[in-house]
Amino acid sequence: MERIVIIDGNSLINRAYYAMQKPMITKDGIYTQGIYGFLNMLSKIMKDYSPEYLTVAFDRKAPTFRHEAFEGYKAGRKGMPPELAMEMPILKDILHAMNIKTLEMDGFEADDIIGTVSRVAEEEGLEPLIVTGDRDSFQLCTHIAKVIYTKKGVTEFDLFDHDKMLEVYNCTPKQFIDLKGLMGDKSDNIPGLPGVGEKTAMKLLEQFGSVEELIVHSDEIENEKLRNKVQENEQMAMMSKKLATINVFTPIDFEISDFKVVDYNYDELIEIYRKLEFNKFLKELELEEVKEDVVNVDFEVLKPSNLDFLDELKDKELMIKVFSNNSHVSKPELYAVAFLCEDKLYYLDKFDGLDSKISELKLIGHGLKDQLYDLMSLGCKEFNAVFDAEIAAYLINPTKSDYSFEALCNENLLGDIIKEKDILDGNEQISLFFDPSEAYISYLKEYFNKLKVLVERLKKELEKEDLFKIFQELEMPLVEV
């Protein structure tokens, strides 16, 4: 049987927003934790249930038929925080980019739309799975339709069906409406019967079966005080049941085929994820269709016996990579230094005379401060660092926690790259017996190919944000300090 997942959009993003331990804010001041948690939930649901159809329903601000029936409906409920309200249209943009159809309608709540889609889907032979943090939807369970209830945080769910309702509440899904009618619902300001809680309401349902039967046979209630409450508030109980009843015949226009799960609009989705700084989700999109290709140039590798070649490269910008033990306690031990100029990769494992040449070279790299510190151990005193990808990334967005080369590659969809530390640790173990240069050169080819793309993108972003002058005049001079 094919499945359709029907998500209560407002419920899930609310749950996600409050479940996150700390705010997530982009460099542009956009709050994102609700969206981030929502997407984690969506990812888990898709992996766990693999639906063929999917839709998300949202509430609208307009009053519903329940407000018209009872003026106090949902009165006193706290409004949506402005930070979360900021996220709602962005979430809908993401769903649009995912080609997931959303539904909403004036006069009706998301619950009503969900109930209607679930009914139609079941009639058409599908298994509806309703994802929500709202227990009102339990009434929509059948022997086929199920409710995936968000239990805790953004990853724990309970699955409710007809039998689970009997087990937990000792009532059928339809009787759950009567239960709400009797006990009320503080969150929606549904009054119910005064003084009747869940336990008493369950006992009354067990005895009478429904609100209507309770009212007809109220004289059979043995407890006089309770009997009087029921008889004095019959209309209140009936109205509360009406308010709690989900309308499964909402006049909203749709076809089940509208909800077919299809491929994302990757270009649109990547653009949004970058704006929201969702590196994790960007990495998950590393499919063949969406990888932004790094042109993997097979650089010509040269191992000069002396440094005379540097005299010819004085006026050109060189990419540099230094391999060392990264010691800041004792004098650093250098293993190799590499330069890239156009399509030539110069690999050095002997450094005599580099101190007299290095000051005349225009250096580009990532994390240059540490690399220049290593070179100072060779007697190098003056440098001409012109571009540091790490500093550029920080200046563009100073709120991120990770500016490592690996993180920047993932963020820019350049693919994974082995960590330099793993290269160094591995070679320390075998360097007594083997020449480590092959491993270094293999890493350098991938490193420089990715660095070239990264530098170009960061330059464009600095220009776009009008930060290039600050970068050149204020930030880069500090690299050598």
# chains A, B, ... in the order shown; residues from 1 in each chain; ligands from 1
>>> residues_around(residues="A:Ile4", least_positions_apart="2", cutoff="8 Å", atoms="only C-alpha atoms", output="PyMOL selection string")
chain A and resi 2+6+51-55+121+126-129
>>> write_last_selection(atoms="N, CA, C and O atoms", output="PDB file, in the first residue's frame")
ATOM      1  N   GLU A   2       0.625   2.163  -0.918  1.00  0.00           N
ATOM      2  CA  GLU A   2       1.396   3.397  -0.963  1.00  0.00           C
ATOM      3  C   GLU A   2       1.017   4.309   0.204  1.00  0.00           C
ATOM      4  O   GLU A   2      -0.103   4.268   0.705  1.00  0.00           O
ATOM      5  N   ILE A   6       1.155  13.488   5.752  1.00  0.00           N
ATOM      6  CA  ILE A   6       0.476  14.781   5.828  1.00  0.00           C
ATOM      7  C   ILE A   6       0.983  15.480   7.089  1.00  0.00           C
ATOM      8  O   ILE A   6       0.754  15.013   8.200  1.00  0.00           O
ATOM      9  N   PRO A  51       7.518   7.748   2.078  1.00  0.00           N
ATOM     10  CA  PRO A  51       6.195   7.930   1.461  1.00  0.00           C
ATOM     11  C   PRO A  51       6.299   8.226  -0.033  1.00  0.00           C
ATOM     12  O   PRO A  51       7.273   8.804  -0.505  1.00  0.00           O
ATOM     13  N   GLU A  52       5.253   7.819  -0.761  1.00  0.00           N
ATOM     14  CA  GLU A  52       5.169   8.154  -2.178  1.00  0.00           C
ATOM     15  C   GLU A  52       4.537   9.527  -2.385  1.00  0.00           C
ATOM     16  O   GLU A  52       4.712  10.145  -3.443  1.00  0.00           O
ATOM     17  N   TYR A  53       3.794   9.994  -1.357  1.00  0.00           N
ATOM     18  CA  TYR A  53       3.103  11.284  -1.440  1.00  0.00           C
ATOM     19  C   TYR A  53       3.372  12.065  -0.153  1.00  0.00           C
ATOM     20  O   TYR A  53       3.544  11.491   0.920  1.00  0.00           O
ATOM     21  N   LEU A  54       3.398  13.391  -0.271  1.00  0.00           N
ATOM     22  CA  LEU A  54       3.712  14.237   0.882  1.00  0.00           C
ATOM     23  C   LEU A  54       3.100  15.617   0.689  1.00  0.00           C
ATOM     24  O   LEU A  54       3.171  16.194  -0.393  1.00  0.00           O
ATOM     25  N   THR A  55       2.494  16.140   1.755  1.00  0.00           N
ATOM     26  CA  THR A  55       1.998  17.513   1.732  1.00  0.00           C
ATOM     27  C   THR A  55       2.108  18.109   3.133  1.00  0.00           C
ATOM     28  O   THR A  55       2.194  17.380   4.122  1.00  0.00           O
ATOM     29  N   ALA A 121      -7.429  10.376   0.876  1.00  0.00           N
ATOM     30  CA  ALA A 121      -6.321   9.472   0.573  1.00  0.00           C
ATOM     31  C   ALA A 121      -6.679   8.032   0.920  1.00  0.00           C
ATOM     32  O   ALA A 121      -6.393   7.101   0.139  1.00  0.00           O
ATOM     33  N   LEU A 126      -4.717   4.722  -0.188  1.00  0.00           N
ATOM     34  CA  LEU A 126      -3.413   5.042   0.393  1.00  0.00           C
ATOM     35  C   LEU A 126      -3.434   4.870   1.912  1.00  0.00           C
ATOM     36  O   LEU A 126      -4.502   4.863   2.540  1.00  0.00           O
ATOM     37  N   GLU A 127      -2.257   4.750   2.488  1.00  0.00           N
ATOM     38  CA  GLU A 127      -2.112   4.722   3.941  1.00  0.00           C
ATOM     39  C   GLU A 127      -1.692   6.119   4.412  1.00  0.00           C
ATOM     40  O   GLU A 127      -0.554   6.526   4.216  1.00  0.00           O
ATOM     41  N   PRO A 128      -2.606   6.867   5.039  1.00  0.00           N
ATOM     42  CA  PRO A 128      -2.250   8.215   5.523  1.00  0.00           C
ATOM     43  C   PRO A 128      -1.431   8.151   6.811  1.00  0.00           C
ATOM     44  O   PRO A 128      -1.776   7.410   7.741  1.00  0.00           O
ATOM     45  N   LEU A 129      -0.363   8.945   6.854  1.00  0.00           N
ATOM     46  CA  LEU A 129       0.443   9.121   8.064  1.00  0.00           C
ATOM     47  C   LEU A 129       0.443  10.602   8.388  1.00  0.00           C
ATOM     48  O   LEU A 129       0.981  11.409   7.626  1.00  0.00           O
TER      49      LEU A 129
END
>>> select_by_dssp(residues="stretch 228-286 of chain A", states="alpha helix (DSSP H)", output="PyMOL selection string")
chain A and resi 228-232+234-244+266-276+279-284
>>> residues_around(residues="A:Asn228", least_positions_apart="6", cutoff="10 Å", atoms="only C-alpha atoms", output="PyMOL selection string")
chain A and resi 218-219+221
>>> write_last_selection(atoms="N, CA and C atoms", output="JSON list (two decimals), in the first residue's frame")
[["chain", "number", "residue", "atom", "x", "y", "z"],
["A", 218, "SER", "N", -28.32, 11.16, 31.58],
["A", 218, "SER", "CA", -27.60, 11.80, 32.69],
["A", 218, "SER", "C", -28.19, 11.45, 34.06],
["A", 219, "ASP", "N", -29.47, 11.09, 34.09],
["A", 219, "ASP", "CA", -30.08, 10.74, 35.37],
["A", 219, "ASP", "C", -29.52, 9.44, 35.93],
["A", 221, "ILE", "N", -26.33, 8.89, 36.28],
["A", 221, "ILE", "CA", -25.06, 9.19, 36.95],
["A", 221, "ILE", "C", -25.27, 9.11, 38.45]]
>>> closest_atom_pairs(of="stretch 399-472 of chain A", to="stretch 293-308 of chain A", cutoff="7 Å", atoms="only C-alpha atoms", output="Markdown table")
| residue | atom | partner | partner_atom | distance |
| --- | --- | --- | --- | --- |
| A:Leu414 | CA | A:Val294 | CA | 6.5 |
| A:Lys445 | CA | A:Phe299 | CA | 6.8 |
| A:Asn449 | CA | A:Asn296 | CA | 5.9 |
| A:Lys450 | CA | A:Val294 | CA | 6.5 |
| A:Val453 | CA | A:Val294 | CA | 6.9 |
>>> closest_residue(among="A:Gly34, A:Gly9, A:Pro398, A:Pro436", to="A:Leu84", atoms="only C-alpha atoms")
A:Gly34
>>> select_by_dssp(residues="stretch 56-233 of chain A", states="strand (DSSP E)", output="number ranges by chain")
A: 56-57, 101-103, 127-132, 146-152, 156-160
>>> write_last_selection(atoms="N, CA, C and O atoms", output="PDB file, in the first residue's frame")
ATOM      1  N   VAL A  56       2.117  19.429   3.213  1.00  0.00           N
ATOM      2  CA  VAL A  56       2.206  20.148   4.489  1.00  0.00           C
ATOM      3  C   VAL A  56       1.059  21.149   4.557  1.00  0.00           C
ATOM      4  O   VAL A  56       0.859  21.933   3.627  1.00  0.00           O
ATOM      5  N   ALA A  57       0.304  21.103   5.647  1.00  0.00           N
ATOM      6  CA  ALA A  57      -0.831  22.016   5.843  1.00  0.00           C
ATOM      7  C   ALA A  57      -0.467  23.071   6.876  1.00  0.00           C
ATOM      8  O   ALA A  57       0.223  22.786   7.862  1.00  0.00           O
ATOM      9  N   LYS A 101       3.939  20.277  -2.042  1.00  0.00           N
ATOM     10  CA  LYS A 101       2.762  21.145  -2.100  1.00  0.00           C
ATOM     11  C   LYS A 101       2.284  21.470  -0.685  1.00  0.00           C
ATOM     12  O   LYS A 101       2.182  20.599   0.169  1.00  0.00           O
ATOM     13  N   THR A 102       1.997  22.753  -0.446  1.00  0.00           N
ATOM     14  CA  THR A 102       1.452  23.188   0.836  1.00  0.00           C
ATOM     15  C   THR A 102      -0.014  23.566   0.663  1.00  0.00           C
ATOM     16  O   THR A 102      -0.450  23.968  -0.414  1.00  0.00           O
ATOM     17  N   LEU A 103      -0.765  23.417   1.757  1.00  0.00           N
ATOM     18  CA  LEU A 103      -2.200  23.689   1.734  1.00  0.00           C
ATOM     19  C   LEU A 103      -2.583  24.599   2.897  1.00  0.00           C
ATOM     20  O   LEU A 103      -2.107  24.411   4.020  1.00  0.00           O
ATOM     21  N   GLU A 127      -2.257   4.750   2.488  1.00  0.00           N
ATOM     22  CA  GLU A 127      -2.112   4.722   3.941  1.00  0.00           C
ATOM     23  C   GLU A 127      -1.692   6.119   4.412  1.00  0.00           C
ATOM     24  O   GLU A 127      -0.554   6.526   4.216  1.00  0.00           O
ATOM     25  N   PRO A 128      -2.606   6.867   5.039  1.00  0.00           N
ATOM     26  CA  PRO A 128      -2.250   8.215   5.523  1.00  0.00           C
ATOM     27  C   PRO A 128      -1.431   8.151   6.811  1.00  0.00           C
ATOM     28  O   PRO A 128      -1.776   7.410   7.741  1.00  0.00           O
ATOM     29  N   LEU A 129      -0.363   8.945   6.854  1.00  0.00           N
ATOM     30  CA  LEU A 129       0.443   9.121   8.064  1.00  0.00           C
ATOM     31  C   LEU A 129       0.443  10.602   8.388  1.00  0.00           C
ATOM     32  O   LEU A 129       0.981  11.409   7.626  1.00  0.00           O
ATOM     33  N   ILE A 130      -0.183  10.958   9.506  1.00  0.00           N
ATOM     34  CA  ILE A 130      -0.337  12.361   9.899  1.00  0.00           C
ATOM     35  C   ILE A 130       0.737  12.702  10.920  1.00  0.00           C
ATOM     36  O   ILE A 130       0.842  12.051  11.961  1.00  0.00           O
ATOM     37  N   VAL A 131       1.563  13.696  10.622  1.00  0.00           N
ATOM     38  CA  VAL A 131       2.660  14.082  11.511  1.00  0.00           C
ATOM     39  C   VAL A 131       2.283  15.376  12.225  1.00  0.00           C
ATOM     40  O   VAL A 131       2.080  16.415  11.581  1.00  0.00           O
ATOM     41  N   THR A 132       2.193  15.326  13.551  1.00  0.00           N
ATOM     42  CA  THR A 132       1.732  16.485  14.310  1.00  0.00           C
ATOM     43  C   THR A 132       2.148  16.375  15.769  1.00  0.00           C
ATOM     44  O   THR A 132       2.463  15.286  16.256  1.00  0.00           O
ATOM     45  N   LYS A 146      -2.847   6.637  10.403  1.00  0.00           N
ATOM     46  CA  LYS A 146      -2.111   6.679  11.664  1.00  0.00           C
ATOM     47  C   LYS A 146      -1.628   8.100  11.930  1.00  0.00           C
ATOM     48  O   LYS A 146      -1.485   8.899  10.997  1.00  0.00           O
ATOM     49  N   VAL A 147      -1.382   8.391  13.198  1.00  0.00           N
ATOM     50  CA  VAL A 147      -0.824   9.682  13.595  1.00  0.00           C
ATOM     51  C   VAL A 147       0.577   9.460  14.150  1.00  0.00           C
ATOM     52  O   VAL A 147       0.770   8.654  15.068  1.00  0.00           O
ATOM     53  N   ILE A 148       1.558  10.153  13.563  1.00  0.00           N
ATOM     54  CA  ILE A 148       2.924  10.153  14.090  1.00  0.00           C
ATOM     55  C   ILE A 148       3.026  11.382  14.986  1.00  0.00           C
ATOM     56  O   ILE A 148       3.092  12.516  14.511  1.00  0.00           O
ATOM     57  N   TYR A 149       3.017  11.142  16.279  1.00  0.00           N
ATOM     58  CA  TYR A 149       2.934  12.228  17.268  1.00  0.00           C
ATOM     59  C   TYR A 149       4.337  12.610  17.730  1.00  0.00           C
ATOM     60  O   TYR A 149       5.113  11.756  18.172  1.00  0.00           O
ATOM     61  N   THR A 150       4.669  13.895  17.610  1.00  0.00           N
ATOM     62  CA  THR A 150       5.990  14.364  18.041  1.00  0.00           C
ATOM     63  C   THR A 150       6.028  14.372  19.561  1.00  0.00           C
ATOM     64  O   THR A 150       5.428  15.213  20.213  1.00  0.00           O
ATOM     65  N   LYS A 151       6.770  13.435  20.088  1.00  0.00           N
ATOM     66  CA  LYS A 151       6.762  13.179  21.530  1.00  0.00           C
ATOM     67  C   LYS A 151       7.698  14.103  22.295  1.00  0.00           C
ATOM     68  O   LYS A 151       7.347  14.703  23.295  1.00  0.00           O
ATOM     69  N   LYS A 152       8.944  14.206  21.802  1.00  0.00           N
ATOM     70  CA  LYS A 152       9.954  14.983  22.516  1.00  0.00           C
ATOM     71  C   LYS A 152      10.995  15.474  21.529  1.00  0.00           C
ATOM     72  O   LYS A 152      11.421  14.739  20.650  1.00  0.00           O
ATOM     73  N   GLU A 156      11.998  12.258  18.463  1.00  0.00           N
ATOM     74  CA  GLU A 156      11.230  11.187  19.099  1.00  0.00           C
ATOM     75  C   GLU A 156       9.759  11.296  18.723  1.00  0.00           C
ATOM     76  O   GLU A 156       9.135  12.349  18.869  1.00  0.00           O
ATOM     77  N   PHE A 157       9.201  10.170  18.263  1.00  0.00           N
ATOM     78  CA  PHE A 157       7.813  10.137  17.817  1.00  0.00           C
ATOM     79  C   PHE A 157       7.090   8.931  18.417  1.00  0.00           C
ATOM     80  O   PHE A 157       7.712   7.903  18.683  1.00  0.00           O
ATOM     81  N   ASP A 158       5.781   9.061  18.610  1.00  0.00           N
ATOM     82  CA  ASP A 158       4.905   7.948  18.975  1.00  0.00           C
ATOM     83  C   ASP A 158       3.944   7.708  17.825  1.00  0.00           C
ATOM     84  O   ASP A 158       3.421   8.672  17.234  1.00  0.00           O
ATOM     85  N   LEU A 159       3.696   6.455  17.522  1.00  0.00           N
ATOM     86  CA  LEU A 159       2.776   6.114  16.432  1.00  0.00           C
ATOM     87  C   LEU A 159       1.438   5.685  17.020  1.00  0.00           C
ATOM     88  O   LEU A 159       1.369   4.735  17.813  1.00  0.00           O
ATOM     89  N   PHE A 160       0.383   6.406  16.665  1.00  0.00           N
ATOM     90  CA  PHE A 160      -0.965   6.094  17.147  1.00  0.00           C
ATOM     91  C   PHE A 160      -1.823   5.580  15.991  1.00  0.00           C
ATOM     92  O   PHE A 160      -1.823   6.156  14.896  1.00  0.00           O
TER      93      PHE A 160
END
>>> residues_around(residues="A:Asn412", least_positions_apart="6", cutoff="9 Å", atoms="only C-alpha atoms", output="CSV table (one decimal) with N, CA and C atoms, in the first residue's frame")
chain,number,residue,atom,x,y,z
A,274,ARG,N,22.2,28.2,1.3
A,274,ARG,CA,23.4,29.1,1.5
A,274,ARG,C,23.0,30.3,2.3
A,279,ASN,N,24.9,24.4,6.4
A,279,ASN,CA,26.0,23.6,5.8
A,279,ASN,C,25.7,22.1,5.9
A,282,LEU,N,23.3,21.4,3.0
A,282,LEU,CA,24.1,21.6,1.8
A,282,LEU,C,24.9,20.3,1.5
A,283,LYS,N,25.5,19.8,2.5
A,283,LYS,CA,26.4,18.6,2.4
A,283,LYS,C,25.5,17.4,1.9
A,292,GLU,N,28.5,21.2,-7.5
A,292,GLU,CA,29.1,22.3,-8.3
A,292,GLU,C,30.5,21.9,-8.6
A,454,LEU,N,37.3,28.1,-4.1
A,454,LEU,CA,36.9,28.8,-2.9
A,454,LEU,C,37.4,30.3,-2.9
A,457,ARG,N,35.2,32.4,-5.2
A,457,ARG,CA,33.9,32.7,-4.6
A,457,ARG,C,34.0,33.7,-3.5
>>> closest_residue(among="A:Ala237, A:Val211, A:Leu444, A:Met183", to="A:Ala338", atoms="only C-alpha atoms")
A:Leu444
>>> closest_residue(among="A:Val230, A:Val329, A:Ala19, A:Ile35", to="A:Ala85", atoms="only C-alpha atoms")
A:Ile35
>>> residues_around(residues="A:Lys369", least_positions_apart="4", cutoff="12 Å", atoms="only C-alpha atoms", output="PyMOL selection string")
chain A and resi 320-322+326+363-365+373-376+383-391+475-481
>>> residues_around(residues="A:Lys174", least_positions_apart="5", cutoff="10 Å", atoms="only C-alpha atoms", output="list in words")
Phe138, Gln139, Leu140, Cys141, Thr142, His162, Met165, Leu179, Ser210 and Thr245 of chain A
>>> closest_residue(among="A:Asp435, A:Leu474, A:Asp258, A:Leu214", to="A:Ile100", atoms="only C-alpha atoms")
A:Asp258
>>> closest_residue(among="A:Ile470, A:Ala110, A:Val262, A:Leu368", to="A:Leu95", atoms="only C-alpha atoms")
A:Val262
